[in-house]
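Novice: Next up, model36.cif (mmCIF, C-alpha atoms).
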data_start
loop_
_atom_site.label_atom_id
_atom_site.label_comp_id
_atom_site.auth_asym_id
_atom_site.auth_seq_id
_atom_site.Cartn_x
_atom_site.Cartn_y
_atom_site.Cartn_z
CA MET A 1 39.14 -67.99 89.08
CA ILE A 2 35.70 -68.44 88.33
CA LEU A 3 34.76 -66.92 91.49
CA THR A 4 36.89 -63.91 90.93
CA GLN A 5 35.39 -63.56 87.59
CA VAL A 6 31.91 -63.73 89.05
CA MET A 7 32.76 -61.16 91.62
CA ALA A 8 34.38 -58.93 89.14
CA ALA A 9 31.35 -59.33 86.96
CA GLU A 10 29.15 -58.26 89.80
CA GLU A 11 31.15 -55.16 90.36
CA ALA A 12 31.42 -54.27 86.66
CA PRO A 13 28.48 -52.39 85.21
CA ASN A 14 26.15 -54.15 82.87
CA PRO A 15 26.58 -52.67 79.34
CA LEU A 16 22.90 -53.31 78.52
CA ILE A 17 21.60 -51.17 81.35
CA PRO A 18 22.33 -47.45 80.82
CA HIS A 19 23.37 -45.21 83.63
CA VAL A 20 20.72 -42.91 85.05
CA PRO A 21 22.84 -39.74 84.67
CA GLU A 22 23.35 -40.54 80.98
CA ILE A 23 19.60 -40.97 80.52
CA ILE A 24 18.84 -37.66 82.24
CA LEU A 25 21.59 -35.88 80.26
CA GLY A 26 20.23 -37.40 77.02
CA PHE A 27 16.72 -36.16 77.81
CA ILE A 28 18.02 -32.67 78.60
CA VAL A 29 20.04 -32.51 75.33
CA ILE A 30 17.06 -33.80 73.33
CA ALA A 31 14.78 -31.23 75.02
CA ILE A 32 17.27 -28.40 74.26
CA LEU A 33 17.54 -29.56 70.64
CA TYR A 34 13.77 -29.84 70.35
CA ILE A 35 13.23 -26.36 71.81
CA GLY A 36 16.00 -24.85 69.64
CA ILE A 37 14.72 -26.47 66.46
CA SER A 38 11.08 -25.59 67.23
CA LYS A 39 11.96 -21.97 68.16
CA PHE A 40 14.51 -21.09 65.47
CA ILE A 41 14.59 -23.54 62.58
CA VAL A 42 10.95 -24.59 62.18
CA PRO A 43 9.62 -20.97 62.12
CA ASN A 44 12.11 -20.12 59.36
CA PHE A 45 10.99 -23.15 57.38
CA GLU A 46 7.34 -22.24 58.00
CA LYS A 47 7.99 -18.65 56.96
CA ALA A 48 9.82 -19.74 53.80
CA TYR A 49 7.00 -22.19 53.03
CA ALA A 50 4.32 -19.48 53.60
CA ASP A 51 6.26 -16.97 51.46
CA ARG A 52 6.67 -19.50 48.69
CA THR A 53 2.98 -20.47 48.88
CA ALA A 54 1.96 -16.80 48.79
CA ALA A 55 4.28 -16.15 45.84
CA ILE A 56 2.92 -19.12 43.94
CA GLU A 57 -0.70 -18.20 44.71
CA GLY A 58 0.01 -14.54 43.86
CA GLY A 59 1.66 -15.65 40.63
CA ILE A 60 -1.34 -17.80 39.80
CA GLU A 61 -3.74 -14.96 40.60
CA ASN A 62 -1.58 -12.54 38.62
CA ALA A 63 -1.48 -14.98 35.70
CA GLN A 64 -5.24 -15.41 35.87
CA ALA A 65 -5.72 -11.63 35.93
CA LYS A 66 -3.34 -11.24 32.97
CA GLN A 67 -5.16 -14.03 31.15
CA ALA A 68 -8.53 -12.37 31.78
CA GLU A 69 -7.10 -9.04 30.61
CA ALA A 70 -5.66 -10.69 27.49
CA ASP A 71 -9.01 -12.38 26.80
CA ALA A 72 -10.80 -9.03 27.15
CA LYS A 73 -8.30 -7.36 24.80
CA LEU A 74 -8.66 -10.23 22.33
CA ALA A 75 -12.45 -9.91 22.41
CA GLN A 76 -12.13 -6.14 21.94
CA LEU A 77 -9.74 -6.60 19.01
CA GLU A 78 -12.01 -9.18 17.44
CA GLU A 79 -14.92 -6.77 17.82
CA GLN A 80 -12.88 -3.98 16.23
CA LEU A 81 -11.84 -6.31 13.43
CA ALA A 82 -15.45 -7.30 12.79
CA SER A 83 -16.42 -3.63 12.84
CA ALA A 84 -13.61 -2.80 10.40
CA ARG A 85 -14.69 -5.63 8.10
CA HIS A 86 -18.28 -4.37 8.23
CA GLU A 87 -17.11 -0.82 7.51
CA ALA A 88 -14.95 -2.03 4.60
CA ALA A 89 -17.91 -3.94 3.14
CA ARG A 90 -20.09 -0.84 3.51
CA ILE A 91 -17.47 1.33 1.82
CA ARG A 92 -17.09 -1.20 -1.02
CA GLU A 93 -20.85 -1.28 -1.50
CA GLN A 94 -21.03 2.52 -1.43
CA ALA A 95 -18.18 2.75 -3.95
CA ARG A 96 -19.94 0.19 -6.15
CA GLU A 97 -23.16 2.24 -5.99
CA GLU A 98 -21.29 5.47 -6.70
CA GLY A 99 -19.51 3.78 -9.61
CA ALA A 100 -22.83 2.63 -11.03
CA ALA A 101 -24.27 6.14 -10.62
CA ILE A 102 -21.24 7.70 -12.32
CA LYS A 103 -21.46 5.12 -15.08
CA ALA A 104 -25.15 5.86 -15.61
CA GLU A 105 -24.46 9.59 -15.55
CA LEU A 106 -21.66 9.24 -18.10
CA ARG A 107 -23.86 7.03 -20.24
CA ALA A 108 -26.65 9.64 -20.13
CA GLU A 109 -24.17 12.41 -20.95
CA ALA A 110 -22.77 10.36 -23.83
CA GLN A 111 -26.31 9.66 -25.08
CA ALA A 112 -27.18 13.37 -24.87
CA GLU A 113 -23.95 14.27 -26.66
CA ALA A 114 -24.66 11.67 -29.34
CA GLU A 115 -28.18 13.05 -29.75
CA ARG A 116 -26.79 16.58 -29.99
CA ILE A 117 -24.21 15.48 -32.58
CA ILE A 118 -26.85 13.60 -34.56
CA THR A 119 -29.21 16.58 -34.43
CA ALA A 120 -26.43 18.96 -35.44
CA GLY A 121 -25.37 16.56 -38.21
CA LYS A 122 -28.95 16.28 -39.48
CA ALA A 123 -29.31 20.07 -39.39
CA GLN A 124 -26.02 20.46 -41.23
CA ILE A 125 -27.00 17.82 -43.79
CA GLU A 126 -30.37 19.54 -44.26
CA ALA A 127 -28.66 22.92 -44.66
CA GLU A 128 -26.19 21.46 -47.13
CA ARG A 129 -29.04 19.73 -49.00
CA GLN A 130 -30.95 23.01 -49.13
CA ALA A 131 -27.80 24.81 -50.31
CA ALA A 132 -27.18 22.10 -52.90
CA ALA A 133 -30.82 22.25 -54.04
CA THR A 134 -30.64 26.02 -54.32
CA SER A 135 -27.34 25.83 -56.15
CA LEU A 136 -28.71 23.08 -58.37
CA LYS A 137 -31.85 25.12 -59.08
CA THR A 138 -29.73 28.07 -60.01
CA GLU A 139 -27.51 26.04 -62.30
CA VAL A 140 -30.39 24.06 -63.76
CA GLY A 141 -32.29 27.34 -64.19
CA SER A 142 -29.46 29.01 -66.05
CA LEU A 143 -28.93 25.90 -68.18
CA ALA A 144 -32.67 25.57 -68.79
CA THR A 145 -32.95 29.27 -69.65
CA GLY A 146 -30.05 29.02 -72.05
CA LEU A 147 -31.46 25.85 -73.61
CA ALA A 148 -34.97 27.29 -73.82
CA GLY A 149 -33.56 30.44 -75.37
CA ARG A 150 -31.87 28.35 -78.02
CA ILE A 151 -34.97 26.27 -78.66
CA VAL A 152 -37.36 29.20 -78.76
CA GLY A 153 -34.89 31.32 -80.51
CA GLU A 154 -35.36 34.27 -78.19
CA SER A 155 -33.30 35.44 -75.29
CA LEU A 156 -34.72 34.78 -71.86
CA ASP A 157 -32.50 37.21 -70.03
CA ASP A 158 -35.42 38.72 -68.18
CA GLU A 159 -35.09 37.54 -64.57
CA GLU A 160 -38.75 37.21 -63.90
CA ARG A 161 -39.45 35.25 -67.03
CA ALA A 162 -36.41 33.06 -66.48
CA SER A 163 -37.44 32.42 -62.93
CA ARG A 164 -40.94 31.29 -63.96
CA VAL A 165 -39.53 29.01 -66.63
CA VAL A 166 -37.07 27.46 -64.17
CA GLU A 167 -39.71 26.90 -61.52
CA ARG A 168 -42.10 25.34 -64.00
CA PHE A 169 -39.33 23.12 -65.32
CA LEU A 170 -38.35 21.99 -61.85
CA ALA A 171 -41.97 21.41 -60.87
CA ASP A 172 -42.44 19.24 -63.96
CA LEU A 173 -39.21 17.48 -63.14
CA GLU A 174 -40.24 16.78 -59.57
CA ALA A 175 -43.70 15.59 -60.58
CA GLY A 176 -42.11 13.13 -62.97
CA VAL A 177 -39.67 11.80 -60.38
CA HIS A 178 -42.34 11.18 -57.75
#
Kindly transcribe the structure held in the file into structure tokens.
Specialist:
Amino acid sequence: MILTQVMAAEEAPNPLIPHVPEIILGFIVIAILYIGISKFIVPNFEKAYADRTAAIEGGIENAQAKQAEADAKLAQLEEQLASARHEAARIREQAREEGAAIKAELRAEAQAEAERIITAGKAQIEAERQAAATSLKTEVGSLATGLAGRIVGESLDDEERASRVVERFLADLEAGVH
């Protein structure tokens, strides 16, 4: 029994030692798989990786270009805004100056109008004073002539005589007042 078992064990293959045809077949299958993967699968992965890298880099470059463009537009808008603020300040200052000029012009016109009104008023007052003085002289003259005629007892209807009497009376009256 033992001997048969030893003999049978000698004839039976050792499970730890692989068969040479299996090793060769394994190498061939591994080589075919390696060639297939390296020819068909790896290039597709490489292509996908390159496309993705290019897309990412292109996106980054595009984003940088857009950012630079946005920065340039922002700088331009800020410059326009500063220019508009400067222009608005200039217009406000010009309007302020024009307002002051108009104000001065209106003030001068009002002053001239006031002077004209005062001059016209003074002339009118002087004319009215002269008219009143003339009217007063006439009335005082007729009253004085009538009174003198009563005192003297003669009629002073003569214009020339009455006029001299009135003028003398008024001259005496004015000399006494001053």
Novice: What is the distance, in Å and to one decimal place, between CA of Ala144 in chain A and CA of Val166 in chain A?
Specialist: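 Separation between CA of Ala144 in chain A and CA of Val166 in chain A: 6.7 Å.
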Novice: One decimal, Å: what's the distance from CA of Thr145 in chain A over to CA of Glu160 in chain A, could you say?
Specialist: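 Distance reported for this atom pair: 11.4 Å.
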Novice: One decimal, Å: what's the distance from CA of Glu167 in chain A over to CA of Lys137 in chain A, could you say?
Specialist: 8.4 Å
Novice: I'd like to know which of A:Ile32, A:Leu147, A:Ala110, A:Leu170 is closest to Ala133 in chain A, using all atoms listed in the file.
Specialist: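 Going through A:Ile32, A:Leu147, A:Ala110, A:Leu170 one by one, the smallest distance to Ala133 in chain A is for A:Leu170.
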Novice: Distance table requested - range 71-125 of chain A against range 62-67 of chain A, cut-off 10 Å, only C-alpha atoms: one row per qualifying residue with the closest atom pair and its distance in Å to one decimal, ordered by chain and rising residue number, as a Markdown table.
Specialist:
| residue | atom | partner | partner_atom | distance |
| --- | --- | --- | --- | --- |
| A:Asp71 | CA | A:Gln67 | CA | 6.0 |
| A:Ala72 | CA | A:Gln67 | CA | 8.5 |
| A:Lys73 | CA | A:Gln67 | CA | 9.7 |
Novice: Fix up range 131-142 of chain A with all heavy atoms, then write it as an mmCIF file, in the coordinates of the input.
Specialist:
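Below is the file rebuild_21.cif, written as the result:
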data_model
loop_
_atom_site.group_PDB
_atom_site.id
_atom_site.type_symbol
_atom_site.label_atom_id
_atom_site.label_comp_id
_atom_site.auth_asym_id
_atom_site.auth_seq_id
_atom_site.Cartn_x
_atom_site.Cartn_y
_atom_site.Cartn_z
ATOM 1 N N ALA A 131 -28.757 24.016 -49.538
ATOM 2 C CA ALA A 131 -27.800 24.810 -50.310
ATOM 3 C C ALA A 131 -27.548 24.156 -51.658
ATOM 4 O O ALA A 131 -27.465 24.824 -52.693
ATOM 5 C CB ALA A 131 -26.509 24.986 -49.532
ATOM 6 N N ALA A 132 -27.408 22.820 -51.651
ATOM 7 C CA ALA A 132 -27.180 22.100 -52.900
ATOM 8 C C ALA A 132 -28.394 22.233 -53.812
ATOM 9 O O ALA A 132 -28.249 22.420 -55.032
ATOM 10 C CB ALA A 132 -26.869 20.638 -52.610
ATOM 11 N N ALA A 133 -29.602 22.122 -53.241
ATOM 12 C CA ALA A 133 -30.820 22.250 -54.040
ATOM 13 C C ALA A 133 -30.915 23.637 -54.634
ATOM 14 O O ALA A 133 -31.249 23.809 -55.814
ATOM 15 C CB ALA A 133 -32.047 21.928 -53.201
ATOM 16 N N THR A 134 -30.603 24.637 -53.833
ATOM 17 C CA THR A 134 -30.640 26.020 -54.320
ATOM 18 C C THR A 134 -29.610 26.219 -55.417
ATOM 19 O O THR A 134 -29.892 26.805 -56.473
ATOM 20 C CB THR A 134 -30.397 26.987 -53.157
ATOM 21 O OG1 THR A 134 -31.342 26.736 -52.130
ATOM 22 C CG2 THR A 134 -30.510 28.427 -53.600
ATOM 23 N N SER A 135 -28.403 25.718 -55.153
ATOM 24 C CA SER A 135 -27.340 25.830 -56.150
ATOM 25 C C SER A 135 -27.724 25.078 -57.414
ATOM 26 O O SER A 135 -27.501 25.555 -58.527
ATOM 27 C CB SER A 135 -26.040 25.285 -55.562
ATOM 28 O OG SER A 135 -25.051 25.225 -56.529
ATOM 29 N N LEU A 136 -28.295 23.890 -57.225
ATOM 30 C CA LEU A 136 -28.710 23.080 -58.370
ATOM 31 C C LEU A 136 -29.824 23.793 -59.134
ATOM 32 O O LEU A 136 -29.813 23.804 -60.364
ATOM 33 C CB LEU A 136 -29.181 21.707 -57.887
ATOM 34 C CG LEU A 136 -29.490 20.675 -58.944
ATOM 35 C CD1 LEU A 136 -28.264 20.394 -59.799
ATOM 36 C CD2 LEU A 136 -29.974 19.396 -58.321
ATOM 37 N N LYS A 137 -30.777 24.392 -58.414
ATOM 38 C CA LYS A 137 -31.850 25.120 -59.080
ATOM 39 C C LYS A 137 -31.278 26.267 -59.893
ATOM 40 O O LYS A 137 -31.706 26.518 -61.023
ATOM 41 C CB LYS A 137 -32.857 25.675 -58.045
ATOM 42 C CG LYS A 137 -33.853 24.690 -57.566
ATOM 43 C CD LYS A 137 -34.837 25.365 -56.628
ATOM 44 C CE LYS A 137 -35.813 24.378 -56.058
ATOM 45 N NZ LYS A 137 -36.797 25.010 -55.187
ATOM 46 N N THR A 138 -30.324 26.942 -59.308
ATOM 47 C CA THR A 138 -29.730 28.070 -60.010
ATOM 48 C C THR A 138 -29.016 27.595 -61.274
ATOM 49 O O THR A 138 -29.200 28.160 -62.355
ATOM 50 C CB THR A 138 -28.738 28.807 -59.086
ATOM 51 O OG1 THR A 138 -29.415 29.162 -57.898
ATOM 52 C CG2 THR A 138 -28.185 30.042 -59.733
ATOM 53 N N GLU A 139 -28.244 26.546 -61.151
ATOM 54 C CA GLU A 139 -27.510 26.040 -62.300
ATOM 55 C C GLU A 139 -28.466 25.453 -63.334
ATOM 56 O O GLU A 139 -28.320 25.691 -64.539
ATOM 57 C CB GLU A 139 -26.509 24.965 -61.862
ATOM 58 C CG GLU A 139 -25.267 25.542 -61.236
ATOM 59 C CD GLU A 139 -24.253 24.470 -60.919
ATOM 60 O OE1 GLU A 139 -24.109 23.514 -61.705
ATOM 61 O OE2 GLU A 139 -23.600 24.593 -59.872
ATOM 62 N N VAL A 140 -29.417 24.645 -62.847
ATOM 63 C CA VAL A 140 -30.390 24.060 -63.760
ATOM 64 C C VAL A 140 -31.193 25.177 -64.426
ATOM 65 O O VAL A 140 -31.501 25.133 -65.630
ATOM 66 C CB VAL A 140 -31.300 23.047 -63.038
ATOM 67 C CG1 VAL A 140 -32.486 22.648 -63.905
ATOM 68 C CG2 VAL A 140 -30.508 21.830 -62.645
ATOM 69 N N GLY A 141 -31.527 26.201 -63.648
ATOM 70 C CA GLY A 141 -32.290 27.340 -64.190
ATOM 71 C C GLY A 141 -31.516 28.039 -65.285
ATOM 72 O O GLY A 141 -32.062 28.358 -66.344
ATOM 73 N N SER A 142 -30.247 28.308 -65.031
ATOM 74 C CA SER A 142 -29.460 29.010 -66.050
ATOM 75 C C SER A 142 -29.267 28.131 -67.269
ATOM 76 O O SER A 142 -29.340 28.600 -68.414
ATOM 77 C CB SER A 142 -28.129 29.479 -65.489
ATOM 78 O OG SER A 142 -27.334 28.380 -65.132
#
